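Structure file model-v2.txt (compact mmCIF, N, CA and C atoms) follows.
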```txt
# COMPACT_ATOMS: atom_id res chain seq x y z
N MET A 1 170.56 88.94 -62.85
CA MET A 1 169.37 88.48 -62.16
C MET A 1 168.50 87.74 -63.18
N GLY A 2 168.09 86.53 -62.87
CA GLY A 2 167.29 85.73 -63.78
C GLY A 2 165.83 86.17 -63.81
N TYR A 3 165.16 85.74 -64.84
CA TYR A 3 163.74 86.04 -65.05
C TYR A 3 162.91 85.61 -63.85
N SER A 4 163.13 84.39 -63.37
CA SER A 4 162.36 83.86 -62.23
C SER A 4 162.59 84.67 -60.97
N LEU A 5 163.83 85.10 -60.79
CA LEU A 5 164.16 85.88 -59.61
C LEU A 5 163.47 87.25 -59.63
N ILE A 6 163.40 87.85 -60.82
CA ILE A 6 162.72 89.14 -60.97
C ILE A 6 161.23 88.98 -60.67
N LEU A 7 160.63 87.93 -61.21
CA LEU A 7 159.21 87.67 -60.93
C LEU A 7 158.97 87.47 -59.44
N ALA A 8 159.83 86.70 -58.82
CA ALA A 8 159.70 86.44 -57.38
C ALA A 8 159.83 87.74 -56.58
N PHE A 9 160.73 88.60 -57.00
CA PHE A 9 160.93 89.88 -56.32
C PHE A 9 159.63 90.68 -56.30
N TYR A 10 158.89 90.64 -57.41
CA TYR A 10 157.63 91.38 -57.50
C TYR A 10 156.43 90.56 -57.05
N GLY A 11 156.68 89.38 -56.52
CA GLY A 11 155.60 88.55 -56.00
C GLY A 11 154.74 87.94 -57.09
N LEU A 12 155.34 87.71 -58.25
CA LEU A 12 154.60 87.14 -59.38
C LEU A 12 155.09 85.74 -59.68
N THR A 13 154.22 84.97 -60.26
CA THR A 13 154.61 83.69 -60.82
C THR A 13 154.51 83.81 -62.33
N THR A 14 155.11 82.89 -63.03
CA THR A 14 155.01 82.90 -64.49
C THR A 14 153.55 82.81 -64.92
N SER A 15 152.78 82.01 -64.21
CA SER A 15 151.37 81.84 -64.50
C SER A 15 150.61 83.16 -64.36
N LYS A 16 150.86 83.88 -63.26
CA LYS A 16 150.19 85.17 -63.03
C LYS A 16 150.57 86.18 -64.10
N LEU A 17 151.84 86.20 -64.47
CA LEU A 17 152.30 87.13 -65.51
C LEU A 17 151.64 86.80 -66.84
N ASN A 18 151.58 85.53 -67.19
CA ASN A 18 150.95 85.13 -68.45
C ASN A 18 149.46 85.50 -68.47
N ASN A 19 148.77 85.29 -67.35
CA ASN A 19 147.36 85.66 -67.26
C ASN A 19 147.17 87.16 -67.43
N TYR A 20 148.02 87.94 -66.78
CA TYR A 20 147.96 89.40 -66.88
C TYR A 20 148.17 89.85 -68.32
N LEU A 21 149.18 89.30 -68.96
CA LEU A 21 149.47 89.68 -70.35
C LEU A 21 148.34 89.26 -71.28
N ARG A 22 147.79 88.06 -71.07
CA ARG A 22 146.70 87.58 -71.91
C ARG A 22 145.46 88.46 -71.75
N LEU A 23 145.13 88.82 -70.52
CA LEU A 23 143.96 89.66 -70.27
C LEU A 23 144.13 91.04 -70.90
N ASN A 24 145.31 91.62 -70.78
CA ASN A 24 145.54 92.93 -71.38
C ASN A 24 145.50 92.86 -72.89
N TYR A 25 146.04 91.81 -73.48
CA TYR A 25 146.00 91.64 -74.93
C TYR A 25 144.56 91.47 -75.39
N THR A 26 143.80 90.66 -74.66
CA THR A 26 142.40 90.43 -75.03
C THR A 26 141.61 91.72 -74.94
N ALA A 27 141.83 92.51 -73.91
CA ALA A 27 141.12 93.78 -73.76
C ALA A 27 141.45 94.71 -74.92
N MET A 28 142.72 94.77 -75.31
CA MET A 28 143.14 95.62 -76.43
C MET A 28 142.50 95.13 -77.73
N TYR A 29 142.48 93.82 -77.92
CA TYR A 29 141.91 93.19 -79.11
C TYR A 29 140.41 93.50 -79.18
N ASP A 30 139.71 93.33 -78.06
CA ASP A 30 138.28 93.62 -78.01
C ASP A 30 138.00 95.09 -78.29
N GLU A 31 138.83 95.97 -77.77
CA GLU A 31 138.65 97.41 -78.00
C GLU A 31 138.78 97.74 -79.49
N THR A 32 139.68 97.08 -80.17
CA THR A 32 139.85 97.30 -81.61
C THR A 32 138.58 96.92 -82.35
N TYR A 33 137.99 95.79 -82.00
CA TYR A 33 136.76 95.37 -82.67
C TYR A 33 135.59 96.31 -82.34
N LYS A 34 135.56 96.85 -81.13
CA LYS A 34 134.52 97.82 -80.79
C LYS A 34 134.66 99.07 -81.66
N LYS A 35 135.89 99.54 -81.80
CA LYS A 35 136.14 100.72 -82.64
C LYS A 35 135.84 100.44 -84.10
N LEU A 36 136.18 99.24 -84.55
CA LEU A 36 135.89 98.86 -85.93
C LEU A 36 134.38 98.84 -86.17
N GLY A 37 133.64 98.28 -85.24
CA GLY A 37 132.18 98.25 -85.37
C GLY A 37 131.58 99.64 -85.42
N LEU A 38 132.07 100.53 -84.57
CA LEU A 38 131.59 101.91 -84.58
C LEU A 38 131.94 102.62 -85.88
N SER A 39 133.10 102.31 -86.43
CA SER A 39 133.52 102.90 -87.69
C SER A 39 132.62 102.43 -88.83
N ILE A 40 132.32 101.15 -88.86
CA ILE A 40 131.41 100.61 -89.89
C ILE A 40 130.05 101.28 -89.77
N LYS A 41 129.55 101.39 -88.55
CA LYS A 41 128.25 102.03 -88.30
C LYS A 41 128.26 103.48 -88.79
N LYS A 42 129.34 104.20 -88.48
CA LYS A 42 129.44 105.60 -88.89
C LYS A 42 129.37 105.73 -90.41
N TYR A 43 130.18 104.96 -91.12
CA TYR A 43 130.19 105.05 -92.59
C TYR A 43 128.88 104.56 -93.19
N ARG A 44 128.27 103.53 -92.58
CA ARG A 44 126.98 103.04 -93.07
C ARG A 44 125.93 104.13 -92.97
N ARG A 45 125.91 104.81 -91.83
CA ARG A 45 124.93 105.89 -91.64
C ARG A 45 125.20 107.08 -92.57
N LEU A 46 126.49 107.39 -92.77
CA LEU A 46 126.84 108.47 -93.70
C LEU A 46 126.35 108.18 -95.12
N ARG A 47 126.30 106.91 -95.48
CA ARG A 47 125.83 106.50 -96.81
C ARG A 47 124.31 106.33 -96.85
N GLY A 48 123.67 106.52 -95.69
CA GLY A 48 122.21 106.39 -95.63
C GLY A 48 121.73 104.96 -95.77
N LEU A 49 122.55 104.01 -95.35
CA LEU A 49 122.19 102.60 -95.45
C LEU A 49 121.72 102.06 -94.10
N THR A 50 120.80 101.15 -94.15
CA THR A 50 120.41 100.41 -92.96
C THR A 50 121.34 99.21 -92.83
N GLN A 51 121.34 98.62 -91.66
CA GLN A 51 122.12 97.38 -91.49
C GLN A 51 121.63 96.33 -92.50
N GLU A 52 120.32 96.29 -92.69
CA GLU A 52 119.74 95.30 -93.59
C GLU A 52 120.24 95.48 -95.02
N LYS A 53 120.26 96.72 -95.51
CA LYS A 53 120.72 96.99 -96.88
C LYS A 53 122.20 96.66 -97.04
N LEU A 54 123.00 97.03 -96.05
CA LEU A 54 124.43 96.72 -96.12
C LEU A 54 124.64 95.22 -96.07
N ALA A 55 123.93 94.54 -95.20
CA ALA A 55 124.04 93.07 -95.10
C ALA A 55 123.68 92.41 -96.43
N GLU A 56 122.59 92.86 -97.04
CA GLU A 56 122.18 92.30 -98.34
C GLU A 56 123.26 92.52 -99.40
N SER A 57 123.83 93.70 -99.39
CA SER A 57 124.80 94.04 -100.44
C SER A 57 126.10 93.24 -100.33
N ILE A 58 126.40 92.74 -99.14
CA ILE A 58 127.63 91.94 -99.00
C ILE A 58 127.32 90.47 -98.75
N ASP A 59 126.05 90.11 -98.84
CA ASP A 59 125.59 88.73 -98.74
C ASP A 59 125.90 88.09 -97.38
N VAL A 60 125.56 88.82 -96.32
CA VAL A 60 125.62 88.26 -94.97
C VAL A 60 124.26 88.49 -94.32
N SER A 61 124.01 87.81 -93.22
CA SER A 61 122.72 87.97 -92.55
C SER A 61 122.67 89.30 -91.80
N LEU A 62 121.47 89.78 -91.61
CA LEU A 62 121.25 90.99 -90.82
C LEU A 62 121.79 90.79 -89.40
N ASP A 63 121.57 89.61 -88.85
CA ASP A 63 122.04 89.30 -87.51
C ASP A 63 123.57 89.44 -87.43
N PHE A 64 124.29 88.89 -88.41
CA PHE A 64 125.75 88.97 -88.41
C PHE A 64 126.21 90.42 -88.55
N MET A 65 125.55 91.16 -89.42
CA MET A 65 125.92 92.57 -89.61
C MET A 65 125.77 93.34 -88.30
N GLY A 66 124.67 93.12 -87.61
CA GLY A 66 124.44 93.79 -86.33
C GLY A 66 125.49 93.40 -85.31
N LYS A 67 125.85 92.13 -85.30
CA LYS A 67 126.86 91.67 -84.34
C LYS A 67 128.24 92.23 -84.65
N ILE A 68 128.54 92.47 -85.91
CA ILE A 68 129.82 93.10 -86.27
C ILE A 68 129.87 94.51 -85.68
N GLU A 69 128.78 95.24 -85.81
CA GLU A 69 128.75 96.63 -85.34
C GLU A 69 128.85 96.75 -83.82
N ILE A 70 128.44 95.72 -83.10
CA ILE A 70 128.55 95.79 -81.64
C ILE A 70 129.72 94.95 -81.12
N ALA A 71 130.57 94.51 -82.03
CA ALA A 71 131.79 93.75 -81.70
C ALA A 71 131.51 92.40 -81.05
N TYR A 72 130.34 91.84 -81.34
CA TYR A 72 130.02 90.51 -80.83
C TYR A 72 130.55 89.45 -81.76
N SER A 73 130.62 89.79 -83.05
CA SER A 73 131.20 88.90 -84.07
C SER A 73 132.40 89.59 -84.69
N ARG A 74 133.36 88.80 -85.09
CA ARG A 74 134.59 89.33 -85.67
C ARG A 74 134.65 88.96 -87.14
N PRO A 75 134.52 89.96 -88.01
CA PRO A 75 134.47 89.68 -89.45
C PRO A 75 135.83 89.27 -90.00
N SER A 76 135.79 88.46 -91.05
CA SER A 76 137.02 88.07 -91.74
C SER A 76 137.51 89.24 -92.58
N LEU A 77 138.72 89.11 -93.07
CA LEU A 77 139.26 90.14 -93.96
C LEU A 77 138.40 90.27 -95.21
N ASN A 78 137.96 89.15 -95.76
CA ASN A 78 137.10 89.21 -96.95
C ASN A 78 135.81 89.98 -96.68
N THR A 79 135.24 89.78 -95.50
CA THR A 79 134.02 90.50 -95.13
C THR A 79 134.31 91.99 -94.98
N LEU A 80 135.43 92.33 -94.37
CA LEU A 80 135.79 93.74 -94.22
C LEU A 80 136.01 94.41 -95.58
N ILE A 81 136.62 93.69 -96.49
CA ILE A 81 136.82 94.23 -97.84
C ILE A 81 135.47 94.45 -98.51
N ALA A 82 134.57 93.49 -98.36
CA ALA A 82 133.23 93.63 -98.94
C ALA A 82 132.49 94.82 -98.34
N ILE A 83 132.61 95.01 -97.03
CA ILE A 83 131.96 96.15 -96.37
C ILE A 83 132.53 97.46 -96.90
N ALA A 84 133.85 97.55 -96.98
CA ALA A 84 134.49 98.78 -97.49
C ALA A 84 134.04 99.05 -98.93
N ASN A 85 133.99 98.02 -99.75
CA ASN A 85 133.55 98.20 -101.14
C ASN A 85 132.09 98.66 -101.20
N ALA A 86 131.24 98.05 -100.38
CA ALA A 86 129.82 98.42 -100.36
C ALA A 86 129.63 99.86 -99.88
N LEU A 87 130.51 100.30 -98.99
CA LEU A 87 130.41 101.67 -98.47
C LEU A 87 131.19 102.66 -99.35
N ASP A 88 131.84 102.13 -100.37
CA ASP A 88 132.62 102.94 -101.32
C ASP A 88 133.71 103.75 -100.61
N ILE A 89 134.42 103.06 -99.73
CA ILE A 89 135.54 103.68 -99.01
C ILE A 89 136.74 102.73 -99.07
N PRO A 90 137.94 103.27 -98.90
CA PRO A 90 139.09 102.37 -98.82
C PRO A 90 139.04 101.55 -97.53
N LEU A 91 139.51 100.33 -97.58
CA LEU A 91 139.52 99.47 -96.40
C LEU A 91 140.20 100.18 -95.22
N LYS A 92 141.26 100.88 -95.49
CA LYS A 92 142.01 101.60 -94.46
C LYS A 92 141.12 102.55 -93.67
N ALA A 93 140.13 103.14 -94.31
CA ALA A 93 139.26 104.10 -93.64
C ALA A 93 138.51 103.47 -92.46
N LEU A 94 138.21 102.20 -92.55
CA LEU A 94 137.52 101.53 -91.44
C LEU A 94 138.37 101.48 -90.17
N PHE A 95 139.69 101.61 -90.35
CA PHE A 95 140.61 101.53 -89.22
C PHE A 95 141.16 102.89 -88.79
N ASP A 96 140.66 103.94 -89.37
CA ASP A 96 141.04 105.29 -88.95
C ASP A 96 140.15 105.69 -87.79
N PHE A 97 140.47 105.18 -86.61
CA PHE A 97 139.62 105.39 -85.45
C PHE A 97 139.80 106.79 -84.90
N GLU A 98 138.67 107.37 -84.52
CA GLU A 98 138.69 108.67 -83.84
C GLU A 98 138.68 108.41 -82.35
N ASP A 99 139.56 109.04 -81.63
CA ASP A 99 139.61 108.83 -80.17
C ASP A 99 138.85 109.89 -79.44
```

Rewrite the coordinates I just gave you, this time as structure tokens.
Amino acid sequence: MGYSLILAFYGLTTSKLNNYLRLNYTAMYDETYKKLGLSIKKYRRLRGLTQEKLAESIDVSLDFMGKIEIAYSRPSLNTLIAIANALDIPLKALFDFED
């Protein structure tokens, strides 16, 4: 049975399937950034730092730092490394999400 025939059997088109997969991937991707932001916030608070102090220490704006924590902005790897260094934690710790 061909791919197209299977899709037709389930009442799907290639376009619908691609949209479904893209939406699910995007939702998963967004969820990761939300968890990452919460992790950064948790470690920042454990260190007794304000967003402003952390932003200053890694040379980013307060606005950008706040947006990272609420998953509105997506930090680069270099920024994540700087955040981990400023918080004195391994980079990996930022991705140890608690469920």

Radius query 12 Å about (131.2, 93.0, -86.2), atoms used: only C-alpha atoms, as a PyMOL selection string: chain A and resi 30-41+51+55+60-77+79-80+83+94

Length of the atom C of A:Met28 to atom C of A:Glu52 vector [Å]: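 Here the two named atoms are 28.2 Å from each other.
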
Between atom CA of A:Asn78 and atom CA of A:Phe95 - distance in Å to one decimal: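 Calculated distance between atom CA of A:Phe95 and atom CA of A:Asn78 is 15.0 Å.
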
For atom CA of A:Arg47 and atom CA of A:Leu87, the interatomic separation in Å (one decimal): 6.9 Å

Pick from A:Gly48, A:Tyr43, A:Ser57, A:Lys16 nearest to A:Leu91, counting only C-alpha atoms: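 Closest residue, counting only C-alpha atoms: A:Tyr43.
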
Proximity to A:Ala93 - best of A:Lys53, A:Thr14, A:Tyr29, A:Lys42, only C-alpha atoms: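 Selected residue with least distance to A:Ala93: A:Lys42.
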
Could you complete stretch 40-51 of chain A so that it carries all heavy atoms, and give it back as a PDB file, in the frame of the given file?
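Full text of out-v4.pdb as output:
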```pdb
ATOM      1  N   ILE A  40     132.320 101.150 -88.860  1.00  0.00           N
ATOM      2  CA  ILE A  40     131.410 100.610 -89.890  1.00  0.00           C
ATOM      3  C   ILE A  40     130.050 101.280 -89.770  1.00  0.00           C
ATOM      4  O   ILE A  40     129.456 101.707 -90.762  1.00  0.00           O
ATOM      5  CB  ILE A  40     131.306  99.079 -89.758  1.00  0.00           C
ATOM      6  CG1 ILE A  40     132.635  98.433 -90.156  1.00  0.00           C
ATOM      7  CG2 ILE A  40     130.148  98.542 -90.605  1.00  0.00           C
ATOM      8  CD1 ILE A  40     132.744  96.961 -89.807  1.00  0.00           C
ATOM      9  N   LYS A  41     129.550 101.390 -88.550  1.00  0.00           N
ATOM     10  CA  LYS A  41     128.250 102.030 -88.300  1.00  0.00           C
ATOM     11  C   LYS A  41     128.260 103.480 -88.790  1.00  0.00           C
ATOM     12  O   LYS A  41     127.304 103.938 -89.423  1.00  0.00           O
ATOM     13  CB  LYS A  41     127.927 101.956 -86.810  1.00  0.00           C
ATOM     14  CG  LYS A  41     126.584 102.490 -86.419  1.00  0.00           C
ATOM     15  CD  LYS A  41     126.394 102.285 -84.916  1.00  0.00           C
ATOM     16  CE  LYS A  41     125.021 102.683 -84.459  1.00  0.00           C
ATOM     17  NZ  LYS A  41     124.829 102.392 -83.024  1.00  0.00           N
ATOM     18  N   LYS A  42     129.340 104.200 -88.480  1.00  0.00           N
ATOM     19  CA  LYS A  42     129.440 105.600 -88.890  1.00  0.00           C
ATOM     20  C   LYS A  42     129.370 105.730 -90.410  1.00  0.00           C
ATOM     21  O   LYS A  42     128.570 106.523 -90.936  1.00  0.00           O
ATOM     22  CB  LYS A  42     130.756 106.192 -88.374  1.00  0.00           C
ATOM     23  CG  LYS A  42     131.015 107.629 -88.840  1.00  0.00           C
ATOM     24  CD  LYS A  42     132.367 108.134 -88.399  1.00  0.00           C
ATOM     25  CE  LYS A  42     133.426 107.633 -89.363  1.00  0.00           C
ATOM     26  NZ  LYS A  42     134.749 108.225 -89.140  1.00  0.00           N
ATOM     27  N   TYR A  43     130.180 104.960 -91.120  1.00  0.00           N
ATOM     28  CA  TYR A  43     130.190 105.050 -92.590  1.00  0.00           C
ATOM     29  C   TYR A  43     128.880 104.560 -93.190  1.00  0.00           C
ATOM     30  O   TYR A  43     128.408 105.102 -94.190  1.00  0.00           O
ATOM     31  CB  TYR A  43     131.373 104.286 -93.179  1.00  0.00           C
ATOM     32  CG  TYR A  43     132.676 105.025 -93.016  1.00  0.00           C
ATOM     33  CD1 TYR A  43     133.652 104.592 -92.137  1.00  0.00           C
ATOM     34  CD2 TYR A  43     132.927 106.189 -93.748  1.00  0.00           C
ATOM     35  CE1 TYR A  43     134.839 105.276 -91.978  1.00  0.00           C
ATOM     36  CE2 TYR A  43     134.114 106.883 -93.598  1.00  0.00           C
ATOM     37  CZ  TYR A  43     135.065 106.430 -92.712  1.00  0.00           C
ATOM     38  OH  TYR A  43     136.238 107.120 -92.565  1.00  0.00           O
ATOM     39  N   ARG A  44     128.270 103.530 -92.580  1.00  0.00           N
ATOM     40  CA  ARG A  44     126.980 103.040 -93.070  1.00  0.00           C
ATOM     41  C   ARG A  44     125.930 104.130 -92.970  1.00  0.00           C
ATOM     42  O   ARG A  44     125.170 104.372 -93.915  1.00  0.00           O
ATOM     43  CB  ARG A  44     126.562 101.812 -92.245  1.00  0.00           C
ATOM     44  CG  ARG A  44     125.177 101.279 -92.629  1.00  0.00           C
ATOM     45  CD  ARG A  44     124.788 100.086 -91.798  1.00  0.00           C
ATOM     46  NE  ARG A  44     124.737 100.310 -90.362  1.00  0.00           N
ATOM     47  CZ  ARG A  44     123.774 100.968 -89.717  1.00  0.00           C
ATOM     48  NH1 ARG A  44     122.785 101.523 -90.371  1.00  0.00           N
ATOM     49  NH2 ARG A  44     123.816 101.078 -88.395  1.00  0.00           N
ATOM     50  N   ARG A  45     125.910 104.810 -91.830  1.00  0.00           N
ATOM     51  CA  ARG A  45     124.930 105.890 -91.640  1.00  0.00           C
ATOM     52  C   ARG A  45     125.200 107.080 -92.570  1.00  0.00           C
ATOM     53  O   ARG A  45     124.263 107.693 -93.081  1.00  0.00           O
ATOM     54  CB  ARG A  45     124.917 106.349 -90.187  1.00  0.00           C
ATOM     55  CG  ARG A  45     124.251 105.354 -89.282  1.00  0.00           C
ATOM     56  CD  ARG A  45     124.217 105.843 -87.864  1.00  0.00           C
ATOM     57  NE  ARG A  45     123.322 105.027 -87.047  1.00  0.00           N
ATOM     58  CZ  ARG A  45     123.167 105.179 -85.753  1.00  0.00           C
ATOM     59  NH1 ARG A  45     123.824 106.128 -85.104  1.00  0.00           N
ATOM     60  NH2 ARG A  45     122.350 104.394 -85.089  1.00  0.00           N
ATOM     61  N   LEU A  46     126.490 107.390 -92.770  1.00  0.00           N
ATOM     62  CA  LEU A  46     126.840 108.470 -93.700  1.00  0.00           C
ATOM     63  C   LEU A  46     126.350 108.180 -95.120  1.00  0.00           C
ATOM     64  O   LEU A  46     126.015 109.102 -95.864  1.00  0.00           O
ATOM     65  CB  LEU A  46     128.353 108.706 -93.726  1.00  0.00           C
ATOM     66  CG  LEU A  46     128.951 109.434 -92.526  1.00  0.00           C
ATOM     67  CD1 LEU A  46     130.478 109.434 -92.608  1.00  0.00           C
ATOM     68  CD2 LEU A  46     128.434 110.867 -92.464  1.00  0.00           C
ATOM     69  N   ARG A  47     126.300 106.910 -95.480  1.00  0.00           N
ATOM     70  CA  ARG A  47     125.830 106.500 -96.810  1.00  0.00           C
ATOM     71  C   ARG A  47     124.310 106.330 -96.850  1.00  0.00           C
ATOM     72  O   ARG A  47     123.743 105.993 -97.872  1.00  0.00           O
ATOM     73  CB  ARG A  47     126.488 105.193 -97.250  1.00  0.00           C
ATOM     74  CG  ARG A  47     127.990 105.234 -97.379  1.00  0.00           C
ATOM     75  CD  ARG A  47     128.434 106.157 -98.509  1.00  0.00           C
ATOM     76  NE  ARG A  47     129.870 106.167 -98.682  1.00  0.00           N
ATOM     77  CZ  ARG A  47     130.710 107.018 -98.097  1.00  0.00           C
ATOM     78  NH1 ARG A  47     130.255 107.920 -97.261  1.00  0.00           N
ATOM     79  NH2 ARG A  47     131.998 106.980 -98.342  1.00  0.00           N
ATOM     80  N   GLY A  48     123.670 106.520 -95.690  1.00  0.00           N
ATOM     81  CA  GLY A  48     122.210 106.390 -95.630  1.00  0.00           C
ATOM     82  C   GLY A  48     121.730 104.960 -95.770  1.00  0.00           C
ATOM     83  O   GLY A  48     120.616 104.736 -96.240  1.00  0.00           O
ATOM     84  N   LEU A  49     122.550 104.010 -95.350  1.00  0.00           N
ATOM     85  CA  LEU A  49     122.190 102.600 -95.450  1.00  0.00           C
ATOM     86  C   LEU A  49     121.720 102.060 -94.100  1.00  0.00           C
ATOM     87  O   LEU A  49     122.237 102.450 -93.056  1.00  0.00           O
ATOM     88  CB  LEU A  49     123.384 101.765 -95.917  1.00  0.00           C
ATOM     89  CG  LEU A  49     123.910 102.021 -97.315  1.00  0.00           C
ATOM     90  CD1 LEU A  49     125.199 101.238 -97.539  1.00  0.00           C
ATOM     91  CD2 LEU A  49     122.865 101.636 -98.347  1.00  0.00           C
ATOM     92  N   THR A  50     120.800 101.150 -94.150  1.00  0.00           N
ATOM     93  CA  THR A  50     120.410 100.410 -92.960  1.00  0.00           C
ATOM     94  C   THR A  50     121.340  99.210 -92.830  1.00  0.00           C
ATOM     95  O   THR A  50     122.023  98.838 -93.786  1.00  0.00           O
ATOM     96  CB  THR A  50     118.958  99.901 -93.061  1.00  0.00           C
ATOM     97  OG1 THR A  50     118.889  98.986 -94.170  1.00  0.00           O
ATOM     98  CG2 THR A  50     117.970 101.044 -93.251  1.00  0.00           C
ATOM     99  N   GLN A  51     121.340  98.620 -91.660  1.00  0.00           N
ATOM    100  CA  GLN A  51     122.120  97.380 -91.490  1.00  0.00           C
ATOM    101  C   GLN A  51     121.630  96.330 -92.500  1.00  0.00           C
ATOM    102  O   GLN A  51     122.427  95.596 -93.067  1.00  0.00           O
ATOM    103  CB  GLN A  51     121.975  96.833 -90.072  1.00  0.00           C
ATOM    104  CG  GLN A  51     122.783  97.541 -89.038  1.00  0.00           C
ATOM    105  CD  GLN A  51     122.650  96.900 -87.661  1.00  0.00           C
ATOM    106  OE1 GLN A  51     121.782  96.066 -87.426  1.00  0.00           O
ATOM    107  NE2 GLN A  51     123.515  97.308 -86.752  1.00  0.00           N
TER     108      GLN A  51
END
```
